[in-house]
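Engineer: The following block contains the structure, expressed as structure tokens.
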Amino acid sequence: MSLGWPGNALGSPRRSWRRCLGRGTSGCLYWVCCPRDPVPDKAEDDETTLCDVCTAEASAGPKEEKQHVSPEEPLPTSPDIQPPVKTLGPLTDADVVKLRPCEKKKVDFRDKLYLAPLTTCGNLPFRRVCKRFGADITCGEMAMCTNLLQGHQSEWALLKRHESEDLFGVQVEGCFPDTMTRCAELINNYTDVDFVDINSGCPIDLVYKKGGGCGLMTRTRKFEQIIKGMNSVLDVPLTVKIRTGVQEKSNIAHKLIGEMKNWGVSMITLHGRSREQRYTKLADWDYISTCAKLACPVPLFGNGDILSYEDAMKARETGVSGVMIARGALIKPWIFTEIKESRHWDISSSERLDILKSFTNFGLEHWGSDTRGVEKTRNFMLEWLSFMCRYIPVGLLERVPQKINERPPYYMGRDYLESLMASQNVEDWIRISEMLLGPVPKTFNFLPKHKANSYK
């Protein structure tokens, strides 16, 4: 016998085609070409009515019966077995029925410590260090929407999450509703995140002049379209980070907050400075308090100048739902422990070196232990040390706590390592990196990317 499709066998007038009677009541998809005319009375009992596949299965012994679907026979139905839904392509219910807002993932942001998305320094190894000290919420570095859509590997690497980050989000920057919505759709489908944040507070000229970052705060119509578009494709909460405004004496955040509540944001983070101020003045926590009342019931986090648990306690008294910590975490990542335990930690130089050792191990694990990985780890460590050197040990302070906008005079530490870590000299930072990663190449040169102008 042979397998085939129904029809006349050319040159074999006495051959006929019959459907295989194997596979039980569901029937078989194959047809059998018989060498003789079938006998009507014995057709069902004749072995020639079985195809080669069914004959082989019968001779192999009883096995678990597999159901084959016949195109001509209906599927067997029972209360326990539901027939599969026939679709064209990979169509699922998610393609037809969109999640309602009440069905989206819920995240409780209130009363948590939020590590800010820090460009360059807020990499995965640094976030792991902060998680060890008690950070509740972590967020990846700002990713450019256009670079993500173009498939830049370095940009997608910013969205990578470590297993220790139990509440993790990514931050995206863009200025057009269509590209931001498409980017949100890709993030929703291909990454593991708990929320997505829109950066509308970046003060960098390159971003602002294109209409992104702080520029979105003055383009209300585009801002609304971006938020609503991203919300329509995301299964996770959408949050927004803003500043008080663009100009120094013209606050506009309070006007936007009332509208953003209707646009569907799940949380707002407010940095208490305008774009023009940068770090030249202190954050305006009175204004943050006013905005927190306007934002209710949407959670609003305050951000700016938090370097001790006392600063965090004063910030919480303004009525915010939580605090975001940025430079304070770079200067002293153990600030999260201080806040949760309500104490000042007079950390020793050897303990700080152990923190750098942990960062080194995390960096080599993340970027690789080859020459390229070592130098990448070194560069990111040096960027971090350009902030960490501003820390003044509690035991040396004339008054506690240290303020973030105060730069100390040169001082001698309680041991050599403490003095070395307090140095503002790049060569001393390189010397610290050599303790952990070995000597640098002869042509090595380093210049920090971020030079805050808060001490001019």
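Order determines the names: the first chain of the structure tokens is A, the second B, and so forth; residues in each chain are numbered 1 upward, and ligands are numbered 1 upward as they are shown.
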Using only C-alpha atoms, determine which residues lie at most 7 Å from Ser308 in chain A, disregarding the query and same-chain residues fewer than 6 positions distant; provide the list as a count of residues only.

Structural biologist: 3

Engineer: Residues near Leu148 in chain A, anyone? I mean within 12 Å using only C-alpha atoms, not counting same-chain ones fewer than 4 positions away, as JSON, numbers by chain.

Structural biologist: {"A": [142, 143, 144, 152, 153, 154, 155, 156, 157, 158, 159, 171, 172, 173, 174, 179, 180, 182, 183, 184, 185, 186, 187, 190]}

Engineer: For the selection just defined, write its residues with C-alpha atoms to a file, as a PDB file, in the first residue's frame.

Structural biologist:
ATOM      1  CA  MET A 142      18.057  56.943  30.751  1.00  0.00           C
ATOM      2  CA  ALA A 143      17.697  55.226  27.363  1.00  0.00           C
ATOM      3  CA  MET A 144      17.213  57.228  24.163  1.00  0.00           C
ATOM      4  CA  HIS A 152      21.665  49.791  19.353  1.00  0.00           C
ATOM      5  CA  GLN A 153      22.994  47.006  21.535  1.00  0.00           C
ATOM      6  CA  SER A 154      24.591  49.413  24.014  1.00  0.00           C
ATOM      7  CA  GLU A 155      21.239  51.148  24.514  1.00  0.00           C
ATOM      8  CA  TRP A 156      19.290  47.939  25.061  1.00  0.00           C
ATOM      9  CA  ALA A 157      21.939  46.885  27.591  1.00  0.00           C
ATOM     10  CA  LEU A 158      20.746  49.773  29.790  1.00  0.00           C
ATOM     11  CA  LEU A 159      17.432  47.958  30.247  1.00  0.00           C
ATOM     12  CA  GLN A 171      13.529  55.278  31.913  1.00  0.00           C
ATOM     13  CA  VAL A 172      12.996  56.397  28.326  1.00  0.00           C
ATOM     14  CA  GLU A 173      13.621  59.770  26.702  1.00  0.00           C
ATOM     15  CA  GLY A 174      11.926  60.896  23.511  1.00  0.00           C
ATOM     16  CA  THR A 179       8.275  56.640  18.398  1.00  0.00           C
ATOM     17  CA  MET A 180       7.712  56.670  22.168  1.00  0.00           C
ATOM     18  CA  ARG A 182       6.455  51.983  19.594  1.00  0.00           C
ATOM     19  CA  CYS A 183       9.369  51.960  22.017  1.00  0.00           C
ATOM     20  CA  ALA A 184       7.010  51.276  24.942  1.00  0.00           C
ATOM     21  CA  GLU A 185       5.503  48.385  22.987  1.00  0.00           C
ATOM     22  CA  LEU A 186       8.932  46.819  22.441  1.00  0.00           C
ATOM     23  CA  ILE A 187       9.852  47.251  26.103  1.00  0.00           C
ATOM     24  CA  TYR A 190      10.828  41.997  25.257  1.00  0.00           C
TER      25      TYR A 190
END

Engineer: What does the distance from CA of Asp235 in chain A to CA of Met217 in chain A come to in Å, to one decimal?

Structural biologist: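 Interatomic distance here is 24.9 Å.
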
Engineer: Can you tell me which residues surround range 236-240 of chain A at a distance of at most 7 Å, considering only C-alpha atoms, apart from same-chain residues fewer than 2 positions away, and format the answer as a PyMOL selection string?

Structural biologist: chain A and resi 104-106+194-200+231+234+242+265-269
